[in-house]
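S.K.: This is structure_2.cif, which holds mmCIF, C-alpha atoms:
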```
data_query
#
loop_
_atom_site.label_atom_id
_atom_site.label_comp_id
_atom_site.auth_asym_id
_atom_site.auth_seq_id
_atom_site.Cartn_x
_atom_site.Cartn_y
_atom_site.Cartn_z
CA MET A 1 50.20 39.16 -25.75
CA SER A 2 52.98 37.55 -23.80
CA GLU A 3 52.56 34.32 -22.06
CA ARG A 4 53.31 34.22 -18.31
CA ARG A 5 55.07 31.19 -17.10
CA GLN A 6 53.39 29.74 -13.97
CA ARG A 7 55.72 28.32 -11.35
CA GLY A 8 54.90 25.93 -8.43
CA PHE A 9 56.80 25.10 -5.26
CA THR A 10 60.06 23.37 -5.65
CA LEU A 11 60.73 20.08 -3.99
CA LEU A 12 63.08 21.72 -1.53
CA GLU A 13 60.44 24.25 -0.51
CA LEU A 14 57.90 21.49 0.07
CA VAL A 15 60.34 19.52 2.21
CA VAL A 16 61.16 22.58 4.34
CA ALA A 17 57.48 23.44 4.77
CA MET A 18 56.58 19.90 5.80
CA ALA A 19 59.47 19.82 8.28
CA ILE A 20 58.33 23.06 9.88
CA PHE A 21 54.75 21.81 10.04
CA GLY A 22 55.88 18.55 11.62
CA LEU A 23 57.93 20.34 14.28
CA MET A 24 55.00 22.59 15.12
CA SER A 25 52.66 19.59 15.36
CA VAL A 26 55.03 17.68 17.63
CA THR A 27 55.46 20.71 19.89
CA LEU A 28 51.72 21.34 20.06
CA TYR A 29 51.06 17.66 20.79
CA GLY A 30 53.62 17.68 23.61
CA VAL A 31 52.01 20.75 25.16
CA LEU A 32 48.57 19.17 24.98
CA VAL A 33 49.79 15.89 26.50
CA LEU A 34 51.62 17.72 29.28
CA GLY A 35 48.53 19.77 30.03
CA ALA A 36 46.31 16.69 30.13
CA ARG A 37 48.72 14.88 32.42
CA SER A 38 48.98 17.88 34.72
CA ALA A 39 45.22 18.20 34.90
CA SER A 40 44.82 14.47 35.61
CA SER A 41 47.57 14.55 38.22
CA GLY A 42 46.06 17.62 39.85
CA GLU A 43 42.66 16.00 39.99
CA ARG A 44 44.15 12.81 41.48
CA VAL A 45 46.08 14.75 44.11
CA SER A 46 43.01 16.84 44.90
CA GLU A 47 40.86 13.73 45.19
CA GLN A 48 43.43 12.03 47.39
CA ALA A 49 43.63 15.08 49.64
CA ARG A 50 39.83 15.23 49.83
CA ARG A 51 39.62 11.54 50.75
CA PHE A 52 42.37 12.04 53.30
CA ARG A 53 40.38 14.81 54.98
CA ILE A 54 37.32 12.58 55.11
CA ALA A 55 39.32 9.57 56.36
CA THR A 56 41.20 11.49 59.04
CA GLY A 57 38.00 13.19 60.14
CA LEU A 58 36.34 9.82 60.57
CA MET A 59 39.35 8.30 62.30
CA ALA A 60 39.80 11.28 64.62
CA ARG A 61 36.13 11.13 65.62
CA GLN A 62 36.26 7.40 66.34
CA VAL A 63 39.64 7.55 68.08
CA ALA A 64 38.50 10.42 70.30
CA ALA A 65 35.49 8.31 71.31
CA ILE A 66 37.48 5.14 72.14
CA ASP A 67 35.81 3.35 75.04
CA PRO A 68 38.02 1.78 77.77
CA ILE A 69 36.17 -1.51 77.99
CA LYS A 70 37.12 -5.09 78.76
CA LEU A 71 36.00 -7.91 76.45
CA PRO A 72 36.61 -11.65 76.30
CA PRO A 73 39.78 -12.55 74.35
CA GLN A 74 39.50 -13.12 70.61
CA ASP A 75 40.09 -16.32 68.70
CA GLU A 76 39.91 -17.23 65.01
CA GLU A 77 36.10 -17.05 65.08
CA GLY A 78 35.99 -13.70 66.84
CA LEU A 79 35.45 -12.87 70.47
CA GLY A 80 35.02 -15.64 72.99
CA ASP A 81 32.92 -15.78 76.13
CA GLU A 82 33.86 -15.61 79.79
CA ASP A 83 31.60 -18.60 80.38
CA ASP A 84 34.11 -20.63 78.33
CA GLY A 85 36.88 -19.80 80.78
CA GLY A 86 38.21 -16.66 79.09
CA GLU A 87 38.65 -13.65 81.34
CA ALA A 88 37.68 -10.22 80.04
CA GLU A 89 40.71 -8.16 78.99
CA PRO A 90 41.26 -4.49 78.07
CA PHE A 91 40.41 -4.17 74.37
CA PHE A 92 42.89 -2.11 72.40
CA TYR A 93 45.74 -3.28 70.22
CA GLY A 94 47.83 -1.45 67.68
CA ASN A 95 51.08 -1.91 65.81
CA ALA A 96 52.75 -0.07 62.94
CA GLN A 97 50.44 -1.58 60.27
CA GLU A 98 47.05 -1.77 61.99
CA VAL A 99 45.01 -0.64 64.98
CA GLU A 100 41.87 -2.11 66.58
CA PHE A 101 39.70 -0.68 69.35
CA VAL A 102 36.15 -0.17 70.65
CA THR A 103 34.48 3.17 69.95
CA THR A 104 31.25 4.86 70.97
CA ALA A 105 31.05 6.65 67.58
CA PRO A 106 30.20 3.91 65.04
CA GLN A 107 29.26 4.64 61.42
CA ARG A 108 25.97 2.73 61.55
CA LEU A 109 22.88 4.66 60.54
CA ASP A 110 21.75 5.51 64.07
CA ALA A 111 25.37 6.05 65.28
CA SER A 112 24.59 4.32 68.58
CA GLY A 113 26.10 1.59 70.70
CA LEU A 114 29.63 0.23 70.83
CA ALA A 115 31.52 -1.00 67.78
CA ILE A 116 34.82 -2.80 67.24
CA VAL A 117 36.78 -0.81 64.63
CA ARG A 118 39.90 -1.89 62.75
CA TYR A 119 42.11 0.09 60.35
CA TRP A 120 44.77 -1.61 58.22
CA VAL A 121 46.57 -1.49 54.84
CA GLU A 122 45.97 -4.07 52.12
CA ASP A 123 47.01 -4.01 48.45
CA GLY A 124 47.86 -0.31 48.47
CA GLU A 125 44.60 0.71 50.16
CA LEU A 126 43.76 1.93 53.65
CA LYS A 127 40.80 -0.14 54.79
CA MET A 128 38.37 0.02 57.67
CA SER A 129 36.03 -2.55 59.19
CA GLU A 130 33.40 -2.09 61.86
CA LYS A 131 31.24 -4.57 63.80
CA PRO A 132 28.90 -3.96 66.74
CA VAL A 133 30.24 -5.38 70.00
CA TYR A 134 27.09 -7.40 70.66
CA LEU A 135 27.59 -9.26 67.37
CA ALA A 136 31.26 -9.89 68.07
CA TYR A 137 30.88 -12.06 71.15
CA GLY A 138 27.71 -13.98 70.41
CA THR A 139 24.99 -12.01 72.22
CA SER A 140 23.07 -11.57 68.97
CA GLU A 141 21.23 -14.87 69.23
CA GLY A 142 17.64 -14.53 68.08
CA LEU A 143 18.44 -11.73 65.62
CA ASP A 144 17.85 -12.17 61.95
CA ASP A 145 21.02 -12.98 59.95
CA ASP A 146 20.25 -10.22 57.47
CA ASP A 147 20.14 -7.67 60.28
CA ALA A 148 23.47 -8.92 61.59
CA VAL A 149 25.10 -8.52 58.17
CA ASP A 150 23.70 -5.01 57.75
CA GLU A 151 25.21 -3.95 61.07
CA SER A 152 28.77 -4.82 59.94
CA LEU A 153 30.72 -2.98 57.28
CA GLU A 154 34.07 -2.92 55.51
CA THR A 155 35.19 -0.13 53.21
CA THR A 156 38.24 1.48 51.59
CA LEU A 157 39.18 4.92 52.88
CA LEU A 158 42.26 5.72 50.72
CA TYR A 159 43.71 4.47 47.42
CA ASP A 160 47.24 4.70 45.99
CA VAL A 161 48.85 4.09 49.37
CA GLU A 162 52.44 2.82 49.56
CA SER A 163 52.49 2.44 53.34
CA VAL A 164 50.66 3.49 56.47
CA THR A 165 52.44 3.75 59.81
CA PHE A 166 50.62 3.96 63.13
CA SER A 167 52.45 5.00 66.29
CA TYR A 168 51.30 5.56 69.86
CA GLN A 169 52.12 8.21 72.44
CA ARG A 170 52.16 7.21 76.12
CA GLU A 171 51.52 10.67 77.54
CA ALA A 172 50.30 13.87 75.93
CA ASP A 173 53.47 15.76 76.82
CA ALA A 174 55.87 12.98 75.76
CA ASP A 175 57.95 13.24 72.61
CA GLU A 176 58.37 9.50 72.03
CA PHE A 177 55.90 7.48 69.94
CA LEU A 178 55.83 3.69 70.30
CA GLU A 179 55.38 1.17 67.45
CA ILE A 180 53.20 -1.27 69.45
CA TRP A 181 50.54 -0.71 72.08
CA ASP A 182 48.80 -3.62 73.83
CA ALA A 183 46.24 -2.54 76.42
CA VAL A 184 46.35 -5.98 78.06
CA GLU A 185 49.96 -5.36 79.06
CA GLU A 186 49.72 -1.61 79.61
CA ASP A 187 46.27 -1.48 81.28
CA LEU A 188 46.16 1.98 79.71
CA LEU A 189 45.11 3.61 76.48
CA PRO A 190 47.64 5.67 74.50
CA ALA A 191 47.27 9.41 74.85
CA CYS A 192 47.51 9.94 71.08
CA ILE A 193 47.64 7.90 67.85
CA ARG A 194 49.74 9.21 64.98
CA ILE A 195 49.19 8.11 61.37
CA GLU A 196 51.71 8.68 58.56
CA ILE A 197 50.75 7.82 54.96
CA ALA A 198 53.26 7.50 52.11
CA PRO A 199 51.73 7.77 48.59
CA ALA A 200 52.23 5.10 45.95
CA THR A 201 52.41 7.70 43.16
CA VAL A 202 55.26 10.14 42.59
CA ASP A 203 53.04 13.21 42.73
CA GLY A 204 50.79 11.90 45.52
CA PRO A 205 50.58 13.82 48.81
CA ALA A 206 52.41 12.54 51.90
CA LEU A 207 49.91 12.69 54.74
CA TYR A 208 50.37 13.03 58.50
CA HIS A 209 47.89 13.37 61.37
CA GLU A 210 47.84 13.05 65.17
CA MET A 211 44.61 11.98 66.91
CA PRO A 212 44.24 12.39 70.70
CA LEU A 213 42.16 10.04 72.88
CA MET A 214 39.79 11.93 75.16
CA VAL A 215 39.61 9.22 77.86
CA ALA A 216 43.37 8.87 78.15
CA THR A 217 43.89 12.63 78.19
CA PHE A 218 41.29 13.20 80.94
CA ASN A 219 42.67 10.35 83.03
CA GLN A 220 46.18 11.74 82.70
CA ILE A 221 44.96 15.13 83.90
CA ALA A 222 43.14 13.47 86.80
CA ASP A 223 46.20 11.31 87.55
CA ALA A 224 44.11 8.12 87.36
CA GLU A 225 45.85 4.77 87.86
CA GLY A 226 44.23 3.07 84.84
CA ASP A 227 41.88 3.79 81.98
CA PHE A 228 39.78 0.63 82.10
CA GLY A 229 38.73 0.45 85.75
CA GLY A 230 37.30 -3.07 85.53
CA ARG A 231 34.50 -2.03 83.14
CA ARG A 232 33.09 -4.85 81.01
CA ALA A 233 30.58 -5.16 78.24
CA ARG A 234 27.09 -6.08 79.31
CA GLY A 235 26.34 -9.69 78.48
CA ALA A 236 29.98 -10.74 78.45
CA GLY A 237 29.38 -13.31 81.21
CA ASP A 238 30.16 -11.16 84.26
CA ASP A 239 29.67 -13.00 87.53
CA GLU A 240 30.00 -11.93 91.11
CA ASP A 241 33.45 -12.40 92.56
CA ASP A 242 33.39 -15.19 95.15
CA ASP A 243 36.73 -14.04 96.56
CA ALA A 244 35.54 -10.52 97.23
CA ASP A 245 36.48 -9.00 100.56
CA PRO A 246 33.75 -9.34 103.20
CA VAL A 247 31.78 -6.24 104.10
CA PRO A 248 33.16 -4.73 107.31
CA PRO A 249 30.75 -4.50 110.24
CA ASP A 250 28.86 -1.31 110.72
CA ASP A 251 30.24 0.84 113.53
CA ASP A 252 26.76 2.08 114.38
CA ASP A 253 25.67 -1.49 115.18
CA ASP A 254 28.59 -1.87 117.59
CA LEU A 255 27.66 1.37 119.34
CA ASP A 256 24.06 0.25 119.68
CA GLU A 257 25.14 -3.04 121.26
CA ASP A 258 27.41 -1.22 123.74
CA ASP A 259 24.57 1.11 124.74
CA GLU A 260 22.25 -1.84 125.38
CA ASP A 261 24.88 -3.52 127.60
CA ASP A 262 25.32 -0.30 129.61
CA ASP A 263 21.55 0.04 130.13
CA GLU A 264 21.28 -3.55 131.40
CA ASP A 265 24.13 -2.97 133.88
CA ASP A 266 22.43 0.16 135.22
CA LEU A 267 19.15 -1.70 135.73
CA ASP A 268 20.91 -4.50 137.62
CA GLU A 269 22.57 -2.00 139.98
CA ASP A 270 19.23 -0.27 140.67
CA ASP A 271 17.58 -3.60 141.51
CA ALA A 272 20.42 -4.44 143.91
CA ASP A 273 20.07 -1.10 145.74
CA GLU A 274 16.33 -1.61 146.24
#
```
Please lay out the structure from this file as structure tokens.
M.R.:
Amino acid sequence: MSERRQRGFTLLELVVAMAIFGLMSVTLYGVLVLGARSASSGERVSEQARRFRIATGLMARQVAAIDPIKLPPQDEEGLGDEDDGGEAEPFFYGNAQEVEFVTTAPQRLDASGLAIVRYWVEDGELKMSEKPVYLAYGTSEGLDDDDAVDESLETTLLYDVESVTFSYQREADADEFLEIWDAVEEDLLPACIRIEIAPATVDGPALYHEMPLMVATFNQIADAEGDFGGRRARGAGDDEDDDADPVPPDDDDDLDEDDEDDDEDDLDEDDADE
């Protein structure tokens, strides 16, 4: 009976096998990492797009319902009062970084009343704040402080934002968009507000949306001279204008007086004939 000599792997064979196994492991790990990153990036982009749809839907609804109203001018503590000497002014202001206006479509639970809305960018986030008009200029006296706090809100609409640019169109059929719109100087609302969002991430979506204002569009169609028309918020200290033009006399009264004079003359002539 012959003895069989058992052989193992040589050192060279082991080294080659380990090298092949290492290359396969590195390749597989790279594929897994790439897949995980792609999935995470896709989810982030999808979430950003979803939030953008929600944000633009909210903004479009509130912008379309902008109310052309006059309010007392603002100071560091908020809105003032006409009783303090401040005259009510058209309330709408926007520049490239922020926009502020009064809307009839607030996000409060009952979605009623007028609210002052502001959109702006801060620390890579698109933010929104909302406060009822009656709280803004001090007509909420007698209300509970807790109720006043509950009526105001501030929230973040979008994350991972590099920049947000607002621009304003004067007329619906105009091609030019302006960087600043001050209703006090214009005495008009813009016909449309455009928002452009640049993402902070490389794979983030660049977003763009144009939001028309219903009041400005209707007034442009009707060829109205102004959007505000002297309308003010109730409780803002409106008083009667002492310099108002006097009411012209009624023409019917003048005719009645002339008829009475003619009747008296006829009676005098009849008496003289008798």
S.K.: Would you compute the distance between CA of Ile195 in chain A and CA of Phe166 in chain A? Give it in Å to one decimal.
M.R.: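 Computing it gives 4.7 Å between the two atoms.
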S.K.: What do you get, as a ChimeraX atom specification, if you spell out every residue that the PyMOL selection byres ((chain A and resi 55) around 10) selects here?
M.R.: /A:49-54,56-61,126-128,156-158
S.K.: Determine the nearest neighbour of Leu153 in chain A from the options A:Ala174, A:Gln107, A:Ile197, A:Ala183, counting all atoms listed in the file.
M.R.: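 Using all atoms listed in the file, Leu153 in chain A sits closest to A:Gln107.
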S.K.: CA of Leu71 in chain A and CA of Tyr168 in chain A are how many Å apart?
M.R.: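 Interatomic distance, CA of Leu71 in chain A to CA of Tyr168 in chain A: 21.4 Å.
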S.K.: List, as a PDB file with C-alpha atoms, in the coordinates of the input, every residue that the PyMOL selection byres ((chain A and resi 207-214) around 10) selects in the file provided.
M.R.:
```
ATOM      1  CA  GLN A  48      43.430  12.030  47.390  1.00  0.00           C
ATOM      2  CA  ALA A  49      43.630  15.080  49.640  1.00  0.00           C
ATOM      3  CA  PHE A  52      42.370  12.040  53.300  1.00  0.00           C
ATOM      4  CA  ARG A  53      40.380  14.810  54.980  1.00  0.00           C
ATOM      5  CA  THR A  56      41.200  11.490  59.040  1.00  0.00           C
ATOM      6  CA  GLY A  57      38.000  13.190  60.140  1.00  0.00           C
ATOM      7  CA  MET A  59      39.350   8.300  62.300  1.00  0.00           C
ATOM      8  CA  ALA A  60      39.800  11.280  64.620  1.00  0.00           C
ATOM      9  CA  ARG A  61      36.130  11.130  65.620  1.00  0.00           C
ATOM     10  CA  GLN A  62      36.260   7.400  66.340  1.00  0.00           C
ATOM     11  CA  VAL A  63      39.640   7.550  68.080  1.00  0.00           C
ATOM     12  CA  ALA A  64      38.500  10.420  70.300  1.00  0.00           C
ATOM     13  CA  ALA A  65      35.490   8.310  71.310  1.00  0.00           C
ATOM     14  CA  ILE A  66      37.480   5.140  72.140  1.00  0.00           C
ATOM     15  CA  ASP A  67      35.810   3.350  75.040  1.00  0.00           C
ATOM     16  CA  VAL A 164      50.660   3.490  56.470  1.00  0.00           C
ATOM     17  CA  THR A 165      52.440   3.750  59.810  1.00  0.00           C
ATOM     18  CA  PHE A 166      50.620   3.960  63.130  1.00  0.00           C
ATOM     19  CA  SER A 167      52.450   5.000  66.290  1.00  0.00           C
ATOM     20  CA  TYR A 168      51.300   5.560  69.860  1.00  0.00           C
ATOM     21  CA  GLN A 169      52.120   8.210  72.440  1.00  0.00           C
ATOM     22  CA  ALA A 172      50.300  13.870  75.930  1.00  0.00           C
ATOM     23  CA  LEU A 189      45.110   3.610  76.480  1.00  0.00           C
ATOM     24  CA  PRO A 190      47.640   5.670  74.500  1.00  0.00           C
ATOM     25  CA  ALA A 191      47.270   9.410  74.850  1.00  0.00           C
ATOM     26  CA  CYS A 192      47.510   9.940  71.080  1.00  0.00           C
ATOM     27  CA  ILE A 193      47.640   7.900  67.850  1.00  0.00           C
ATOM     28  CA  ARG A 194      49.740   9.210  64.980  1.00  0.00           C
ATOM     29  CA  ILE A 195      49.190   8.110  61.370  1.00  0.00           C
ATOM     30  CA  GLU A 196      51.710   8.680  58.560  1.00  0.00           C
ATOM     31  CA  ILE A 197      50.750   7.820  54.960  1.00  0.00           C
ATOM     32  CA  ALA A 198      53.260   7.500  52.110  1.00  0.00           C
ATOM     33  CA  PRO A 199      51.730   7.770  48.590  1.00  0.00           C
ATOM     34  CA  GLY A 204      50.790  11.900  45.520  1.00  0.00           C
ATOM     35  CA  PRO A 205      50.580  13.820  48.810  1.00  0.00           C
ATOM     36  CA  ALA A 206      52.410  12.540  51.900  1.00  0.00           C
ATOM     37  CA  VAL A 215      39.610   9.220  77.860  1.00  0.00           C
ATOM     38  CA  ALA A 216      43.370   8.870  78.150  1.00  0.00           C
ATOM     39  CA  THR A 217      43.890  12.630  78.190  1.00  0.00           C
ATOM     40  CA  PHE A 218      41.290  13.200  80.940  1.00  0.00           C
ATOM     41  CA  ASN A 219      42.670  10.350  83.030  1.00  0.00           C
ATOM     42  CA  GLN A 220      46.180  11.740  82.700  1.00  0.00           C
TER      43      GLN A 220
END
```
